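> Sharing a structure below in structure tokens format, with a few things to ask.
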2 protein chains.
Amino acid sequence: MDQVEIFKALSNKTRLQILNWLKAPAENFPDQPNADFENVGVCVGQIQVKAGLSQSTISEYLSILQRADLVCATRVGQWTYYKRNKEGLAQLSKIINSEL
Amino acid sequence: MDQVEIFKALSNKTRLQILNWLKAPAENFPDQPNADFENVGVCVGQIQVKAGLSQSTISEYLSILQRADLVCATRVGQWTYYKRNKEGLAQLSKIINSEL
DNA sequence: TTGGTATATCGGGAAAAGTCGATATATATT
DNA sequence: AATATATATCGACTTTTCCCGATATACCAA
């Protein structure tokens with residue numbers, strides 16, 4: 001993964017906030033029905049409402065985070081759930097500590 | 001310091017490269033005369049030549065990195081020397097590990 | 001198969017970033 | 001004071017990002 005793309009993905013207040021929310025999904029998304037935060041994460045609609053931006057914007061933002069390996073997606077029926085990508089985040093930490 | 005500004009500063013191939021070069025100034029800037037890499041760092045001109053972009057662009061890039069607390073500047077005579085800002089980089093590492 | 005809901009993609013207008021050459025400023029030398 | 005060098009700032013143009021509404025696609029239920 002291109003390092004620049006990772007940092008671009010993080011260069012936006014809302015996207016940073018989403019990643020932060022996904023650290024504690026149960027607290028940040030108490031309204032999600034049938035929540036399976038561990039396995040799949042949080043669905044797009046819940047994130048969209050909390051972020052207060054349009055559906056298309058949040059969908060786009062999530063795919064930017066996904067392309068940067070910062071979150072991963074699971075489709076279940078008509079919902080797409082997103083959660084943190086621990087490997088990608090560990091990789092990022094490694095970059096910071098060893099290359100910068 | 002605004003987190004978004006830090007990540008924006010890192011969202012550029014040349015700026016990432018500069019930070020990486022400054023990890024090992026003696027190896028990356030062997031031509032700098034009267035080098036005092038430990039105390040002051042590397043001067044703008046050396047970085048500019050190595051990066052291959054215009055003087056104004058590199059000056060601007062260094063100030064973006066400085067505003068993000070990723071490097072610090074020392075003026076000595078007509079030269080400005082830049083080196084890594086260890087505190088800022090440690091702060092960044094902390095953000096990644098605790099908030100994302 | 002028709003309709004409803006969730007998400008993704010497309011097209012676009014406004015704002016920001018990338019990058020340059022020209023110019024200004026600060027310092028050093030003569 | 002005049003000139004030379006290093007760096008910073010300015011103005012402009014191009015490319016990218018932000019964010020939206022509209023539309024398409026995928027899936028579900030009746």
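By order of appearance in the structure tokens: chains A, B, ..., then residues from 1 within every chain, and ligands from 1 in the order shown.
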List as a ChimeraX atom specification the protein and nucleic acid residues near DC13 in chain D, meaning an atom at most 12 Å away when only C-alpha atoms (C1' of nucleotides) are counted, but skip any in the same chain fewer than 2 places from it.
/C:18-21 /D:11,15
> Pull N, CA and C atoms (P, O5', C5', C4', C3', O3' and C1' of nucleotides) from the residues just selected and write them as a CSV table (one decimal), in the first residue's frame.

```
chain,number,residue,atom,x,y,z
C,18,DG,P,-0.1,19.3,-1.2
C,18,DG,O5',0.1,19.7,-2.7
C,18,DG,C5',-0.3,18.7,-3.7
C,18,DG,C4',0.4,19.0,-5.0
C,18,DG,C3',1.9,19.2,-4.9
C,18,DG,O3',2.5,18.6,-6.1
C,18,DG,C1',0.9,21.1,-5.8
C,19,DT,P,4.1,18.4,-6.2
C,19,DT,O5',4.6,19.7,-6.9
C,19,DT,C5',4.3,19.9,-8.2
C,19,DT,C4',4.6,21.3,-8.6
C,19,DT,C3',5.9,21.9,-8.2
C,19,DT,O3',6.8,21.7,-9.3
C,19,DT,C1',4.1,23.5,-8.1
C,20,DC,P,8.3,22.3,-9.2
C,20,DC,O5',8.2,23.7,-9.9
C,20,DC,C5',7.6,23.7,-11.3
C,20,DC,C4',7.2,25.1,-11.7
C,20,DC,C3',8.4,26.2,-11.5
C,20,DC,O3',8.9,26.4,-12.8
C,20,DC,C1',6.3,27.0,-10.6
C,21,DG,P,10.3,27.1,-12.9
C,21,DG,O5',9.9,28.6,-13.0
C,21,DG,C5',9.1,29.1,-14.1
C,21,DG,C4',8.8,30.6,-13.8
C,21,DG,C3',10.0,31.5,-13.7
C,21,DG,O3',9.7,32.7,-14.4
C,21,DG,C1',8.8,31.6,-11.7
D,11,DG,P,0.3,38.8,-4.0
D,11,DG,O5',0.2,38.2,-5.4
D,11,DG,C5',1.3,38.5,-6.4
D,11,DG,C4',1.0,37.7,-7.7
D,11,DG,C3',-0.4,37.5,-8.0
D,11,DG,O3',-0.6,37.6,-9.4
D,11,DG,C1',0.7,35.4,-7.8
D,15,DT,P,-3.4,19.8,-15.3
D,15,DT,O5',-3.6,19.2,-13.8
D,15,DT,C5',-2.5,18.9,-13.0
D,15,DT,C4',-2.9,18.5,-11.6
D,15,DT,C3',-3.9,17.3,-11.6
D,15,DT,O3',-3.4,16.4,-10.7
D,15,DT,C1',-4.7,19.1,-10.2
```
> Write out as a Markdown table a residue-level contact list of chain D versus chain A with cut-off 9 Å: for each qualifying residue the closest pair of atoms and the distance in Å to one decimal, counting only C-alpha atoms (C1' of nucleotides), rows sorted by chain and residue number upward.

```
| residue | atom | partner | partner_atom | distance |
| --- | --- | --- | --- | --- |
| D:DC18 | C1' | A:Thr57 | CA | 8.8 |
| D:DC19 | C1' | A:Thr57 | CA | 6.3 |
| D:DC20 | C1' | A:Ser54 | CA | 7.3 |
| D:DA26 | C1' | A:Gln78 | CA | 7.0 |
| D:DC27 | C1' | A:Gln78 | CA | 5.1 |
| D:DC28 | C1' | A:Gln78 | CA | 7.5 |
```
> For those residues, write N, CA and C atoms (P, O5', C5', C4', C3', O3' and C1' of nucleotides) to a file as a short mmCIF file (atom, residue, chain, number, x, y, z; two decimals), in the first residue's frame.

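Ended up saving to part_23.cif:
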```cif
data_model
loop_
_atom_site.label_atom_id
_atom_site.label_comp_id
_atom_site.auth_asym_id
_atom_site.auth_seq_id
_atom_site.Cartn_x
_atom_site.Cartn_y
_atom_site.Cartn_z
P DC D 18 -10.42 15.19 1.19
"O5'" DC D 18 -11.65 16.15 0.93
"C5'" DC D 18 -11.57 17.50 1.37
"C4'" DC D 18 -12.94 18.16 1.23
"C3'" DC D 18 -14.09 17.38 1.84
"O3'" DC D 18 -14.87 18.28 2.63
"C1'" DC D 18 -14.58 17.92 -0.40
P DC D 19 -15.84 17.73 3.78
"O5'" DC D 19 -17.18 17.52 2.96
"C5'" DC D 19 -17.93 18.66 2.56
"C4'" DC D 19 -18.91 18.27 1.50
"C3'" DC D 19 -19.82 17.09 1.84
"O3'" DC D 19 -21.04 17.60 2.36
"C1'" DC D 19 -19.16 17.17 -0.46
P DC D 20 -22.32 16.68 2.64
"O5'" DC D 20 -23.18 16.89 1.30
"C5'" DC D 20 -23.51 18.21 0.89
"C4'" DC D 20 -24.01 18.21 -0.54
"C3'" DC D 20 -25.16 17.26 -0.80
"O3'" DC D 20 -26.38 17.99 -0.77
"C1'" DC D 20 -23.49 17.15 -2.55
P DA D 26 -25.16 -5.41 -8.94
"O5'" DA D 26 -25.49 -5.87 -7.45
"C5'" DA D 26 -24.77 -5.31 -6.38
"C4'" DA D 26 -25.55 -5.57 -5.10
"C3'" DA D 26 -26.19 -6.95 -5.05
"O3'" DA D 26 -25.78 -7.56 -3.84
"C1'" DA D 26 -27.78 -5.27 -4.53
P DC D 27 -26.02 -9.11 -3.57
"O5'" DC D 27 -27.27 -9.11 -2.59
"C5'" DC D 27 -27.16 -8.42 -1.36
"C4'" DC D 27 -28.56 -8.12 -0.87
"C3'" DC D 27 -29.44 -9.36 -0.69
"O3'" DC D 27 -29.60 -9.55 0.71
"C1'" DC D 27 -30.62 -7.50 -1.57
P DC D 28 -30.32 -10.84 1.30
"O5'" DC D 28 -31.79 -10.29 1.64
"C5'" DC D 28 -31.91 -9.15 2.47
"C4'" DC D 28 -33.36 -8.70 2.51
"C3'" DC D 28 -34.37 -9.84 2.72
"O3'" DC D 28 -35.21 -9.48 3.80
"C1'" DC D 28 -35.01 -8.48 0.89
#
```
> Using DSSP on the backbone coordinates, identify all residues within chain B classified as alpha helix (DSSP H); present the result as a ChimeraX atom specification.
/B:3-9,13-21,25-28,44-51,55-67,86-99
> Generate a file of the selected residues that holds C-alpha atoms, formatted as a compact mmCIF listing (two decimals), in the first residue's frame.

```
# COMPACT_ATOMS: atom_id res chain seq x y z
CA GLN B 3 -4.25 16.14 13.77
CA VAL B 4 -5.58 16.72 10.28
CA GLU B 5 -2.75 19.16 9.58
CA ILE B 6 -0.20 16.58 10.64
CA PHE B 7 -1.59 13.97 8.28
CA LYS B 8 -1.90 16.49 5.45
CA ALA B 9 1.76 17.33 5.91
CA LYS B 13 5.69 11.78 -1.45
CA THR B 14 8.41 14.44 -1.34
CA ARG B 15 7.63 15.52 2.21
CA LEU B 16 7.67 11.92 3.40
CA GLN B 17 10.97 11.47 1.67
CA ILE B 18 12.44 14.56 3.31
CA LEU B 19 11.50 13.28 6.74
CA ASN B 20 13.02 9.94 5.90
CA TRP B 21 16.23 11.57 4.64
CA PRO B 25 21.47 13.16 7.40
CA ALA B 26 25.13 12.17 7.23
CA GLU B 27 24.38 9.43 4.71
CA ASN B 28 21.81 11.38 2.74
CA VAL B 44 17.25 24.04 2.58
CA GLY B 45 19.49 24.12 -0.47
CA GLN B 46 20.81 20.61 0.10
CA ILE B 47 17.32 19.27 0.51
CA GLN B 48 16.17 21.14 -2.57
CA VAL B 49 18.87 19.68 -4.79
CA LYS B 50 18.21 16.17 -3.56
CA ALA B 51 14.45 16.49 -3.98
CA GLN B 55 13.48 26.23 -4.32
CA SER B 56 10.15 27.83 -3.53
CA THR B 57 8.39 24.49 -3.39
CA ILE B 58 10.89 22.99 -0.99
CA SER B 59 10.87 26.06 1.22
CA GLU B 60 7.09 25.80 1.36
CA TYR B 61 7.21 22.06 2.08
CA LEU B 62 9.62 22.56 4.95
CA SER B 63 7.38 25.14 6.48
CA ILE B 64 4.41 22.78 6.18
CA LEU B 65 6.41 20.12 8.00
CA GLN B 66 7.43 22.66 10.59
CA ARG B 67 3.88 23.85 11.21
CA LYS B 86 11.47 14.15 17.88
CA GLU B 87 8.75 15.37 20.21
CA GLY B 88 6.32 15.93 17.36
CA LEU B 89 7.05 12.54 15.88
CA ALA B 90 6.58 10.89 19.26
CA GLN B 91 3.27 12.71 19.57
CA LEU B 92 2.22 11.36 16.20
CA SER B 93 3.09 7.84 17.20
CA LYS B 94 1.00 8.30 20.31
CA ILE B 95 -1.99 9.49 18.31
CA ILE B 96 -1.84 6.46 16.06
CA ASN B 97 -1.57 4.05 18.94
CA SER B 98 -4.17 5.57 21.18
CA GLU B 99 -6.80 7.18 18.99
```
> Between chain C and chain A, at 8 Å or less, what are the per-residue closest atom pairs and their distances in Å? Count only C-alpha atoms (C1' of nucleotides), order by chain and rising residue number, and return it as a tab-separated table.

```
residue	atom	partner	partner_atom	distance
C:DT5	C1'	A:Gln78	CA	7.9
C:DA6	C1'	A:Gln78	CA	5.4
C:DT7	C1'	A:Trp79	CA	7.2
C:DA8	C1'	A:Ser59	CA	7.1
```
> If you run DSSP on the backbone, which residues of chain B are strand (DSSP E), as a list in words?
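So, restricting chain B to strand (DSSP E), we get Val42, Cys43, Val71, Cys72, Ala73, Thr74, Arg75, Val76, Trp79, Thr80, Tyr81, Tyr82, Lys83 and Arg84 of chain B.
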> The selected residues should be written to file as a compact mmCIF listing (two decimals), in the first residue's frame (atoms: all heavy atoms).

```
# COMPACT_ATOMS: atom_id res chain seq x y z
N VAL B 42 19.98 19.98 8.34
CA VAL B 42 20.39 20.09 6.94
C VAL B 42 19.79 21.36 6.37
O VAL B 42 18.66 21.72 6.70
CB VAL B 42 19.87 18.87 6.14
CG1 VAL B 42 20.31 18.96 4.69
CG2 VAL B 42 20.35 17.57 6.77
N CYS B 43 20.57 22.06 5.54
CA CYS B 43 20.05 23.33 5.04
C CYS B 43 19.14 23.12 3.83
O CYS B 43 19.16 22.09 3.15
CB CYS B 43 21.18 24.31 4.74
SG CYS B 43 22.11 23.91 3.26
N VAL B 71 9.30 18.79 11.89
CA VAL B 71 10.71 19.20 11.83
C VAL B 71 10.86 20.50 12.60
O VAL B 71 9.86 21.17 12.89
CB VAL B 71 11.20 19.43 10.37
CG1 VAL B 71 11.02 18.17 9.53
CG2 VAL B 71 10.49 20.62 9.73
N CYS B 72 12.10 20.85 12.93
CA CYS B 72 12.32 22.17 13.49
C CYS B 72 13.47 22.85 12.78
O CYS B 72 14.35 22.21 12.22
CB CYS B 72 12.51 22.13 15.00
SG CYS B 72 13.55 20.82 15.60
N ALA B 73 13.42 24.17 12.77
CA ALA B 73 14.33 24.98 11.97
C ALA B 73 15.26 25.79 12.86
O ALA B 73 14.87 26.23 13.94
CB ALA B 73 13.52 25.93 11.09
N THR B 74 16.48 25.96 12.38
CA THR B 74 17.43 26.83 13.07
C THR B 74 18.10 27.71 12.02
O THR B 74 18.64 27.20 11.04
CB THR B 74 18.55 26.00 13.76
OG1 THR B 74 17.95 24.94 14.49
CG2 THR B 74 19.37 26.87 14.67
N ARG B 75 18.03 28.99 12.24
CA ARG B 75 18.70 29.90 11.31
C ARG B 75 20.13 30.14 11.77
O ARG B 75 20.35 30.48 12.94
CB ARG B 75 17.94 31.23 11.24
CG ARG B 75 18.53 32.24 10.29
CD ARG B 75 17.64 32.39 9.06
NE ARG B 75 18.34 33.01 7.95
CZ ARG B 75 17.73 33.48 6.86
NH1 ARG B 75 16.43 33.39 6.73
NH2 ARG B 75 18.44 34.00 5.88
N VAL B 76 21.07 29.95 10.87
CA VAL B 76 22.48 30.22 11.17
C VAL B 76 23.03 31.01 10.00
O VAL B 76 23.20 30.46 8.91
CB VAL B 76 23.30 28.92 11.33
CG1 VAL B 76 24.78 29.24 11.59
CG2 VAL B 76 22.73 28.05 12.45
N TRP B 79 21.78 30.68 6.28
CA TRP B 79 21.20 29.36 6.06
C TRP B 79 20.12 29.04 7.09
O TRP B 79 20.18 29.49 8.24
CB TRP B 79 22.28 28.28 6.15
CG TRP B 79 23.27 28.37 5.02
CD1 TRP B 79 23.15 27.80 3.78
CD2 TRP B 79 24.51 29.06 5.02
NE1 TRP B 79 24.26 28.11 3.01
CE2 TRP B 79 25.12 28.88 3.75
CE3 TRP B 79 25.20 29.82 5.98
CZ2 TRP B 79 26.34 29.42 3.41
CZ3 TRP B 79 26.43 30.36 5.65
CH2 TRP B 79 27.00 30.17 4.37
N THR B 80 19.15 28.28 6.66
CA THR B 80 18.19 27.72 7.61
C THR B 80 18.37 26.21 7.58
O THR B 80 18.30 25.58 6.52
CB THR B 80 16.74 28.08 7.24
OG1 THR B 80 16.62 29.48 7.09
CG2 THR B 80 15.78 27.60 8.31
N TYR B 81 18.61 25.65 8.74
CA TYR B 81 18.80 24.20 8.84
C TYR B 81 17.57 23.56 9.43
O TYR B 81 16.96 24.09 10.36
CB TYR B 81 20.01 23.91 9.74
CG TYR B 81 21.32 24.40 9.18
CD1 TYR B 81 21.77 25.69 9.45
CD2 TYR B 81 22.09 23.57 8.37
CE1 TYR B 81 22.97 26.14 8.93
CE2 TYR B 81 23.29 24.02 7.84
CZ TYR B 81 23.73 25.31 8.13
OH TYR B 81 24.91 25.77 7.60
N TYR B 82 17.21 22.43 8.86
CA TYR B 82 16.05 21.71 9.36
C TYR B 82 16.48 20.33 9.86
O TYR B 82 17.31 19.67 9.24
CB TYR B 82 15.02 21.53 8.24
CG TYR B 82 14.23 22.79 7.93
CD1 TYR B 82 14.69 23.70 6.99
CD2 TYR B 82 13.04 23.06 8.60
CE1 TYR B 82 13.97 24.86 6.71
CE2 TYR B 82 12.32 24.22 8.32
CZ TYR B 82 12.79 25.11 7.37
OH TYR B 82 12.08 26.25 7.10
N LYS B 83 15.87 19.93 10.96
CA LYS B 83 16.07 18.55 11.44
C LYS B 83 14.74 18.00 11.93
O LYS B 83 13.76 18.73 12.06
CB LYS B 83 17.11 18.52 12.55
CG LYS B 83 16.71 19.29 13.79
CD LYS B 83 17.73 19.10 14.91
CE LYS B 83 17.30 19.90 16.13
NZ LYS B 83 18.25 19.77 17.25
N ARG B 84 14.71 16.71 12.17
CA ARG B 84 13.49 16.08 12.68
C ARG B 84 13.11 16.66 14.04
O ARG B 84 13.98 16.98 14.84
CB ARG B 84 13.72 14.57 12.85
CG ARG B 84 13.82 13.82 11.53
CD ARG B 84 14.17 12.34 11.68
NE ARG B 84 14.34 11.92 13.05
CZ ARG B 84 13.55 11.04 13.66
NH1 ARG B 84 12.57 10.47 13.01
NH2 ARG B 84 13.79 10.69 14.90
```
> Please provide as a ChimeraX atom specification all residues within 12 Å of DA30 in chain D, with the sequence filter that same-chain residues fewer than 3 positions apart are discarded (counting only C-alpha atoms (C1' of nucleotides)).
/C:1-4
> Please produce a file of the residues just selected, as a PDB file, in the first residue's frame, where the atoms kept are N, CA and C atoms (P, O5', C5', C4', C3', O3' and C1' of nucleotides).

```
ATOM      1  P    DT C   1     -40.370 -11.191 -13.414  1.00  0.00           P
ATOM      2  O5'  DT C   1     -41.865 -11.384 -12.883  1.00  0.00           O
ATOM      3  C5'  DT C   1     -43.049 -10.774 -13.130  1.00  0.00           C
ATOM      4  C4'  DT C   1     -43.354  -9.729 -12.088  1.00  0.00           C
ATOM      5  C3'  DT C   1     -42.422  -8.528 -12.186  1.00  0.00           C
ATOM      6  O3'  DT C   1     -43.108  -7.355 -11.749  1.00  0.00           O
ATOM      7  C1'  DT C   1     -42.273  -9.393 -10.053  1.00  0.00           C
ATOM      8  P    DT C   2     -43.739  -6.211 -12.577  1.00  0.00           P
ATOM      9  O5'  DT C   2     -44.323  -5.249 -11.444  1.00  0.00           O
ATOM     10  C5'  DT C   2     -45.173  -5.810 -10.433  1.00  0.00           C
ATOM     11  C4'  DT C   2     -44.829  -5.205  -9.074  1.00  0.00           C
ATOM     12  C3'  DT C   2     -44.158  -3.837  -9.137  1.00  0.00           C
ATOM     13  O3'  DT C   2     -44.907  -2.953  -8.315  1.00  0.00           O
ATOM     14  C1'  DT C   2     -43.003  -5.251  -7.662  1.00  0.00           C
ATOM     15  P    DG C   3     -44.565  -1.366  -8.263  1.00  0.00           P
ATOM     16  O5'  DG C   3     -44.082  -1.192  -6.750  1.00  0.00           O
ATOM     17  C5'  DG C   3     -44.799  -1.846  -5.704  1.00  0.00           C
ATOM     18  C4'  DG C   3     -43.913  -1.917  -4.487  1.00  0.00           C
ATOM     19  C3'  DG C   3     -43.206  -0.582  -4.164  1.00  0.00           C
ATOM     20  O3'  DG C   3     -43.331  -0.373  -2.773  1.00  0.00           O
ATOM     21  C1'  DG C   3     -41.624  -2.309  -4.308  1.00  0.00           C
ATOM     22  P    DG C   4     -43.027   1.029  -2.134  1.00  0.00           P
ATOM     23  O5'  DG C   4     -41.894   0.663  -1.070  1.00  0.00           O
ATOM     24  C5'  DG C   4     -42.112  -0.422  -0.163  1.00  0.00           C
ATOM     25  C4'  DG C   4     -40.807  -0.739   0.550  1.00  0.00           C
ATOM     26  C3'  DG C   4     -39.983   0.505   0.922  1.00  0.00           C
ATOM     27  O3'  DG C   4     -39.521   0.354   2.253  1.00  0.00           O
ATOM     28  C1'  DG C   4     -38.671  -0.978  -0.358  1.00  0.00           C
TER      29       DG C   4
END
```
> One decimal, in Å: what's the spacing between C1' of DG11 in chain C and CA of Leu10 in chain A?
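Taking C1' of DG11 in chain C as the start and CA of Leu10 in chain A as the end point, the length is 25.1 Å.
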> Between CA of Leu22 in chain A and CA of Leu70 in chain A, what is the spacing in Å?
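Between CA of Leu70 in chain A and CA of Leu22 in chain A the gap is 10.7 Å.
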